[in-house]
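**Q** Attaching a single structure in structure tokens format; questions to follow.
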Amino acid sequence: MKDARAYIKSKRYPGVRWREHPERKHGVNFDRYYVIRYKLGGKDRQETLGWASQGWTELKANARLAELKEAQRTGQGAVTLAEKRQQAEAKRQAEAEARAVEERENITLAQAWEKYLPVAQANKAAHTAYAEEAAYRLWLSPTLAGKPLRDIKPIHLERIKKTMAEAGRSAQTVRHVLAALRQVFNFAKRNGLYAGDNPVSMVKKPSADARRLRFLTHDEADRLLAALAERESNVHDMALLALHCGLRAGEIFSLTWGDVDMERGVLILRDTKSGKTRAAYMTEAVAAMLAGMERRGHNDLVFLSANGGRIVQISETFNRVVAALGFNNGVTDPRQKVVFHTLRHTFASWLVEQGVDLYSVKELMGHGTLAMTERYSHLSPDKLRRAVKTLEAGMDKARANGKVLAIDGTR
């Protein structure tokens, strides 16, 4: 067996040596491992090159040695292989950084969107991600997909606003589209894909009061539930939850059997729009409906799609039933049209009409602030009127006791 540690001097090229592999062949000969030896600073130095099977030959080894000696003589370039490798690595890193900078400066909206969408789908409510995808596909992609983020300016967004307005889209829809674009730019900045300003922040958003004004009467609600029960029980049951418990569609889609407490009559709603977990309380009708359903595993969804997966939007059956009942006949204001969200709005409206205070309504609705609930305050005029009457009575009593000051400060 050959001694793998023994190096053989090249007869043609001083300073070039090799050792042969004891077993492995390269062609008809044993594979050779090449090294070079030279003096640096008066000391002997040996550096490794590689195997003949990797492409090294005596000639190539000698050429590399000649480069190092020339660098020593002229003082220019690397004088050792280690230094040469460091320089090559530094060059590769610099080129990689330059490519990253170029990619960042030239990334298009379409490329940024491809990176953003999976993250949005994984971290946002299904209906929110779906709405953003629709905003991109219908309004942003047609004109901005191939444009680099750095080249998207407020003027481009103004044109999109104009196009949407001419297509009859509401101010609120325009705001949603701009919000979706703002999210993409924010994502790109957080992830080092874009370093400029967010152009959406420089565009005036169209003012829009998209708060729904319509709510159902008790007779309309009964008719709607009865018609839904005849058409599709699943949609009826989801409508009942929205109407009697004030649940959003997304909260209904996410409800699992582990969050249904039949004993206490409570539904636990997790990861809601406000980011908080809240409780919803069952009416007798809701409790009876849930009790009649097949209860599956703790983590299983209460409501499933036709293929057994998660529901992402309300069945078109709901809209067909609403149309058949004529609830939207002649209605042109979107805020006055009956949609699935009208049921949640009706839940809050009925509470206020029955004299429930706005703070309690806020908690039951899961609103982030009381200001969101104040839209319903006009539904309790009697309560407000009684409040003013109470103030007036107090003033009369104080005046009778001689404690009321006139405007000029006299009694």
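Residue names in the structure tokens use chain letters A, B, ... in the order shown, residue numbers from 1 in each chain, and ligand numbers from 1 in the order shown.
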Write down as a PyMOL selection string the residues belonging to range 260-290 of chain A that are assigned strand (DSSP E or B) by DSSP computed on the backbone.

**A** chain A and resi 260-261+266-269+278-281

**Q** Take the residues just selected and output them with all heavy atoms as a compact mmCIF listing (two decimals), in the first residue's frame.

**A**
# COMPACT_ATOMS: atom_id res chain seq x y z
N VAL A 260 -67.40 26.13 22.32
CA VAL A 260 -68.85 26.13 22.54
C VAL A 260 -69.12 25.51 23.91
O VAL A 260 -68.95 24.30 24.11
CB VAL A 260 -69.59 25.33 21.45
CG1 VAL A 260 -71.08 25.27 21.75
CG2 VAL A 260 -69.34 25.97 20.08
N ASP A 261 -69.51 26.32 24.88
CA ASP A 261 -69.79 25.86 26.24
C ASP A 261 -71.30 25.80 26.43
O ASP A 261 -71.94 26.80 26.78
CB ASP A 261 -69.15 26.82 27.25
CG ASP A 261 -69.25 26.32 28.69
OD1 ASP A 261 -70.11 25.46 28.96
OD2 ASP A 261 -68.45 26.78 29.53
N VAL A 266 -72.26 29.82 26.58
CA VAL A 266 -71.29 30.83 26.17
C VAL A 266 -70.49 30.34 24.96
O VAL A 266 -70.14 29.16 24.88
CB VAL A 266 -70.31 31.16 27.32
CG1 VAL A 266 -69.22 32.11 26.85
CG2 VAL A 266 -71.07 31.79 28.48
N LEU A 267 -70.20 31.25 24.05
CA LEU A 267 -69.29 31.00 22.93
C LEU A 267 -68.04 31.83 23.15
O LEU A 267 -68.13 33.02 23.45
CB LEU A 267 -69.93 31.40 21.60
CG LEU A 267 -71.28 30.77 21.25
CD1 LEU A 267 -71.84 31.42 19.99
CD2 LEU A 267 -71.13 29.28 21.06
N ILE A 268 -66.87 31.21 23.04
CA ILE A 268 -65.61 31.93 23.19
C ILE A 268 -65.09 32.25 21.79
O ILE A 268 -64.85 31.35 20.99
CB ILE A 268 -64.57 31.10 23.96
CG1 ILE A 268 -65.13 30.71 25.33
CG2 ILE A 268 -63.28 31.89 24.10
CD1 ILE A 268 -65.51 31.89 26.20
N LEU A 269 -64.92 33.52 21.51
CA LEU A 269 -64.46 33.98 20.19
C LEU A 269 -63.01 34.42 20.31
O LEU A 269 -62.69 35.37 21.03
CB LEU A 269 -65.34 35.13 19.71
CG LEU A 269 -66.85 34.86 19.75
CD1 LEU A 269 -67.63 36.10 19.33
CD2 LEU A 269 -67.20 33.67 18.89
N ARG A 278 -63.25 37.35 23.20
CA ARG A 278 -64.44 37.81 23.91
C ARG A 278 -65.45 36.67 24.01
O ARG A 278 -65.34 35.65 23.31
CB ARG A 278 -65.07 39.02 23.24
CG ARG A 278 -65.92 38.74 22.03
CD ARG A 278 -66.60 40.02 21.54
NE ARG A 278 -67.64 39.77 20.57
CZ ARG A 278 -67.42 39.58 19.27
NH1 ARG A 278 -66.20 39.62 18.80
NH2 ARG A 278 -68.44 39.38 18.45
N ALA A 279 -66.44 36.87 24.86
CA ALA A 279 -67.50 35.87 25.03
C ALA A 279 -68.78 36.37 24.36
O ALA A 279 -69.08 37.56 24.37
CB ALA A 279 -67.76 35.62 26.51
N ALA A 280 -69.50 35.45 23.76
CA ALA A 280 -70.83 35.74 23.23
C ALA A 280 -71.80 34.81 23.94
O ALA A 280 -71.47 33.67 24.26
CB ALA A 280 -70.87 35.50 21.72
N TYR A 281 -72.98 35.30 24.19
CA TYR A 281 -73.94 34.56 25.01
C TYR A 281 -75.10 34.06 24.15
O TYR A 281 -75.68 34.80 23.37
CB TYR A 281 -74.45 35.45 26.14
CG TYR A 281 -73.30 35.92 27.02
CD1 TYR A 281 -72.62 37.10 26.73
CD2 TYR A 281 -72.86 35.14 28.08
CE1 TYR A 281 -71.54 37.51 27.49
CE2 TYR A 281 -71.78 35.55 28.87
CZ TYR A 281 -71.13 36.73 28.56
OH TYR A 281 -70.05 37.11 29.32

**Q** Going by DSSP on the backbone, which residues of range 116-184 of chain A come out as helix (DSSP H, G or I)? List them as a ChimeraX atom specification.

**A** /A:116-123,126-144,149-151,154-166,171-184

**Q** Quick one: everything within 12 Å of range 73-77 of chain A, counting only C-alpha atoms, minus sequence neighbours fewer than 5 positions away in the same chain. Send it as a VMD selection string.

**A** chain A and resid 39 to 41 66 to 68 83 to 88

**Q** Of the residues A:Trp51, A:Phe327, A:Tyr38, A:Tyr13, which is the one nearest to Ala221 in chain A, using only C-alpha atoms?

**A** A:Phe327

**Q** Excluding range 308-316 of chain A and its own-chain neighbours fewer than 3 positions away, which residues fall within 7 Å of it when counting only C-alpha atoms? Please give them as a PyMOL selection string.

**A** chain A and resi 126-127+235+253+304-305+319-320

**Q** What's around Ile107 in chain A at 8 Å? Count only C-alpha atoms, leave out sequence neighbours fewer than 2 positions away in its own chain, and write the answer as a list in words.

**A**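 Counting only the stated atoms, we get Glu103, Arg104, Glu105, Leu109, Gln111, Ala112, Pro148, Leu149, Leu193 and Tyr194 of chain A.
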
**Q** I want to know what sits within 12 Å of Ala63 in chain A, based on only C-alpha atoms, with residues of the same chain fewer than 4 positions away left out; could you give that as number ranges by chain?

**A** A: 13-16, 36, 49, 56-59, 67-70

**Q** Could you write out that same residue set with N, CA and C atoms as a short mmCIF file (atom, residue, chain, number, x, y, z; two decimals), in the first residue's frame?

**A**
data_model
loop_
_atom_site.label_atom_id
_atom_site.label_comp_id
_atom_site.auth_asym_id
_atom_site.auth_seq_id
_atom_site.Cartn_x
_atom_site.Cartn_y
_atom_site.Cartn_z
N TYR A 13 8.73 21.34 -12.25
CA TYR A 13 8.34 22.60 -11.63
C TYR A 13 8.75 22.61 -10.16
N PRO A 14 9.88 23.23 -9.84
CA PRO A 14 10.31 23.32 -8.45
C PRO A 14 9.24 24.02 -7.60
N GLY A 15 9.00 23.51 -6.47
CA GLY A 15 7.99 24.10 -5.59
C GLY A 15 6.65 23.41 -5.70
N VAL A 16 6.45 22.59 -6.72
CA VAL A 16 5.20 21.85 -6.88
C VAL A 16 5.41 20.42 -6.38
N ILE A 36 1.81 23.39 -3.01
CA ILE A 36 2.94 24.21 -3.47
C ILE A 36 3.72 24.68 -2.25
N LEU A 49 -3.62 22.73 -2.72
CA LEU A 49 -4.41 23.12 -3.88
C LEU A 49 -5.62 22.23 -4.07
N TRP A 56 -6.79 19.77 -10.97
CA TRP A 56 -5.43 20.28 -10.78
C TRP A 56 -4.41 19.43 -11.53
N THR A 57 -3.38 20.12 -12.08
CA THR A 57 -2.26 19.47 -12.76
C THR A 57 -0.97 20.14 -12.30
N GLU A 58 0.15 19.55 -12.68
CA GLU A 58 1.43 20.17 -12.36
C GLU A 58 1.51 21.57 -12.96
N LEU A 59 1.02 21.70 -14.18
CA LEU A 59 1.10 22.98 -14.88
C LEU A 59 0.26 24.05 -14.16
N GLU A 67 1.99 33.07 -9.73
CA GLU A 67 1.18 34.25 -9.39
C GLU A 67 1.57 34.79 -8.02
N LEU A 68 1.74 33.86 -7.07
CA LEU A 68 2.08 34.28 -5.71
C LEU A 68 3.46 34.91 -5.67
N LYS A 69 4.43 34.31 -6.38
CA LYS A 69 5.78 34.86 -6.40
C LYS A 69 5.81 36.23 -7.07
N GLU A 70 5.02 36.40 -8.13
CA GLU A 70 4.94 37.70 -8.80
C GLU A 70 4.34 38.75 -7.88
#

**Q** Mind dumping a table of every range 201-297 of chain A residue within 10 Å of range 347-354 of chain A, with the nearest atom pair and its distance in Å to one decimal, using only C-alpha atoms, sorted by chain and rising number, as a tab-separated table?

**A**
residue	atom	partner	partner_atom	distance
A:Leu213	CA	A:Ser349	CA	9.8
A:Arg214	CA	A:Ser349	CA	9.5
A:Phe215	CA	A:Ser349	CA	7.0
A:Leu216	CA	A:Ser349	CA	8.9
A:Thr217	CA	A:Trp350	CA	8.8
A:His218	CA	A:Trp350	CA	8.9
A:Leu241	CA	A:Phe347	CA	9.8
A:Ala242	CA	A:Phe347	CA	7.5
A:Leu243	CA	A:Phe347	CA	5.3
A:His244	CA	A:Phe347	CA	6.2
A:Cys245	CA	A:Phe347	CA	6.9
A:Gly246	CA	A:Phe347	CA	5.4
A:Leu247	CA	A:Phe347	CA	9.0

**Q** Could you dump the residues just selected with all heavy atoms as an mmCIF file, in the first residue's frame?

**A**
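Heads up, here's the output in part-v4.cif:
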data_model
loop_
_atom_site.group_PDB
_atom_site.id
_atom_site.type_symbol
_atom_site.label_atom_id
_atom_site.label_comp_id
_atom_site.auth_asym_id
_atom_site.auth_seq_id
_atom_site.Cartn_x
_atom_site.Cartn_y
_atom_site.Cartn_z
ATOM 1 N N LEU A 213 -76.571 51.530 7.796
ATOM 2 C CA LEU A 213 -77.668 52.194 8.483
ATOM 3 C C LEU A 213 -78.867 51.268 8.650
ATOM 4 O O LEU A 213 -79.685 51.452 9.546
ATOM 5 C CB LEU A 213 -78.088 53.446 7.704
ATOM 6 C CG LEU A 213 -76.956 54.448 7.404
ATOM 7 C CD1 LEU A 213 -77.497 55.586 6.553
ATOM 8 C CD2 LEU A 213 -76.351 54.974 8.686
ATOM 9 N N ARG A 214 -78.991 50.297 7.787
ATOM 10 C CA ARG A 214 -80.175 49.438 7.777
ATOM 11 C C ARG A 214 -80.074 48.359 8.834
ATOM 12 O O ARG A 214 -79.031 47.746 9.028
ATOM 13 C CB ARG A 214 -80.314 48.791 6.393
ATOM 14 C CG ARG A 214 -81.407 47.731 6.275
ATOM 15 C CD ARG A 214 -82.778 48.381 6.169
ATOM 16 N NE ARG A 214 -83.818 47.376 6.033
ATOM 17 C CZ ARG A 214 -84.209 46.836 4.896
ATOM 18 N NH1 ARG A 214 -83.615 47.196 3.768
ATOM 19 N NH2 ARG A 214 -85.178 45.953 4.863
ATOM 20 N N PHE A 215 -81.162 48.130 9.541
ATOM 21 C CA PHE A 215 -81.266 46.943 10.378
ATOM 22 C C PHE A 215 -82.661 46.371 10.215
ATOM 23 O O PHE A 215 -83.589 47.066 9.791
ATOM 24 C CB PHE A 215 -80.932 47.237 11.847
ATOM 25 C CG PHE A 215 -81.902 48.153 12.552
ATOM 26 C CD1 PHE A 215 -82.941 47.641 13.309
ATOM 27 C CD2 PHE A 215 -81.753 49.537 12.473
ATOM 28 C CE1 PHE A 215 -83.815 48.476 13.966
ATOM 29 C CE2 PHE A 215 -82.633 50.379 13.124
ATOM 30 C CZ PHE A 215 -83.672 49.853 13.867
ATOM 31 N N LEU A 216 -82.807 45.105 10.507
ATOM 32 C CA LEU A 216 -84.063 44.409 10.248
ATOM 33 C C LEU A 216 -85.071 44.623 11.368
ATOM 34 O O LEU A 216 -84.699 44.747 12.546
ATOM 35 C CB LEU A 216 -83.799 42.911 10.094
ATOM 36 C CG LEU A 216 -82.836 42.481 8.989
ATOM 37 C CD1 LEU A 216 -82.679 40.966 9.002
ATOM 38 C CD2 LEU A 216 -83.317 42.955 7.628
ATOM 39 N N THR A 217 -86.318 44.642 10.981
ATOM 40 C CA THR A 217 -87.373 44.576 11.995
ATOM 41 C C THR A 217 -87.479 43.119 12.446
ATOM 42 O O THR A 217 -86.942 42.208 11.808
ATOM 43 C CB THR A 217 -88.712 45.035 11.417
ATOM 44 O OG1 THR A 217 -89.123 44.093 10.397
ATOM 45 C CG2 THR A 217 -88.604 46.427 10.810
ATOM 46 N N HIS A 218 -88.184 42.890 13.541
ATOM 47 C CA HIS A 218 -88.331 41.518 14.027
ATOM 48 C C HIS A 218 -89.103 40.670 13.013
ATOM 49 O O HIS A 218 -88.795 39.481 12.825
ATOM 50 C CB HIS A 218 -89.044 41.517 15.387
ATOM 51 C CG HIS A 218 -88.177 42.040 16.498
ATOM 52 N ND1 HIS A 218 -87.270 41.258 17.158
ATOM 53 C CD2 HIS A 218 -88.073 43.287 17.032
ATOM 54 C CE1 HIS A 218 -86.652 41.976 18.071
ATOM 55 N NE2 HIS A 218 -87.122 43.219 18.015
ATOM 56 N N LEU A 241 -76.713 32.829 14.391
ATOM 57 C CA LEU A 241 -75.612 33.234 15.271
ATOM 58 C C LEU A 241 -75.299 34.718 15.116
ATOM 59 O O LEU A 241 -75.048 35.414 16.111
ATOM 60 C CB LEU A 241 -74.360 32.413 14.954
ATOM 61 C CG LEU A 241 -74.170 31.095 15.713
ATOM 62 C CD1 LEU A 241 -72.921 30.384 15.232
ATOM 63 C CD2 LEU A 241 -74.082 31.355 17.207
ATOM 64 N N ALA A 242 -75.288 35.197 13.882
ATOM 65 C CA ALA A 242 -74.998 36.613 13.653
ATOM 66 C C ALA A 242 -76.093 37.497 14.236
ATOM 67 O O ALA A 242 -75.818 38.539 14.836
ATOM 68 C CB ALA A 242 -74.842 36.877 12.161
ATOM 69 N N LEU A 243 -77.332 37.075 14.080
ATOM 70 C CA LEU A 243 -78.481 37.876 14.514
ATOM 71 C C LEU A 243 -78.673 37.848 16.026
ATOM 72 O O LEU A 243 -78.969 38.865 16.651
ATOM 73 C CB LEU A 243 -79.743 37.368 13.813
ATOM 74 C CG LEU A 243 -81.039 38.139 14.074
ATOM 75 C CD1 LEU A 243 -80.945 39.549 13.523
ATOM 76 C CD2 LEU A 243 -82.217 37.406 13.444
ATOM 77 N N HIS A 244 -78.496 36.689 16.650
ATOM 78 C CA HIS A 244 -78.781 36.550 18.081
ATOM 79 C C HIS A 244 -77.560 36.771 18.963
ATOM 80 O O HIS A 244 -77.715 37.004 20.166
ATOM 81 C CB HIS A 244 -79.354 35.164 18.364
ATOM 82 C CG HIS A 244 -80.793 35.045 17.981
ATOM 83 N ND1 HIS A 244 -81.667 34.165 18.591
ATOM 84 C CD2 HIS A 244 -81.533 35.700 17.043
ATOM 85 C CE1 HIS A 244 -82.863 34.264 18.051
ATOM 86 N NE2 HIS A 244 -82.804 35.193 17.092
ATOM 87 N N CYS A 245 -76.352 36.658 18.396
ATOM 88 C CA CYS A 245 -75.136 36.788 19.213
ATOM 89 C C CYS A 245 -74.201 37.886 18.717
ATOM 90 O O CYS A 245 -73.184 38.159 19.354
ATOM 91 C CB CYS A 245 -74.372 35.460 19.263
ATOM 92 S SG CYS A 245 -75.330 34.091 19.966
ATOM 93 N N GLY A 246 -74.511 38.479 17.573
ATOM 94 C CA GLY A 246 -73.693 39.578 17.068
ATOM 95 C C GLY A 246 -72.359 39.160 16.494
ATOM 96 O O GLY A 246 -71.433 39.965 16.437
ATOM 97 N N LEU A 247 -72.239 37.918 16.028
ATOM 98 C CA LEU A 247 -70.956 37.438 15.513
ATOM 99 C C LEU A 247 -70.697 37.956 14.104
ATOM 100 O O LEU A 247 -71.608 38.066 13.300
ATOM 101 C CB LEU A 247 -70.914 35.907 15.501
ATOM 102 C CG LEU A 247 -70.393 35.228 16.775
ATOM 103 C CD1 LEU A 247 -71.276 35.564 17.968
ATOM 104 C CD2 LEU A 247 -70.314 33.729 16.574
#

**Q** What is the CA of Val35 in chain A-CA of Glu47 in chain A distance in Å, reported with one decimal?

**A**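 Straight-line distance from CA of Val35 in chain A to CA of Glu47 in chain A works out to 5.7 Å.
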
**Q** From the set A:Ala129, A:Leu240, A:Leu325, A:Arg64, which residue has the shortest atom-to-atom contact distance to His341 in chain A, counting only C-alpha atoms?

**A**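 Closest to His341 in chain A, using only C-alpha atoms: A:Leu240.
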
**Q** Excluding same-chain residues fewer than 3 positions from range 158-161 of chain A, what lies within 12 Å of it counting only C-alpha atoms, as number ranges by chain?

**A** A: 135-136, 138-144, 152-155, 164-178, 181, 199-200, 202-206

**Q** Return the single residue from A:Val184, A:Ala288, A:Ala71, A:Leu225 that is closest to Thr108 in chain A, with distances computed using only C-alpha atoms.

**A** A:Val184
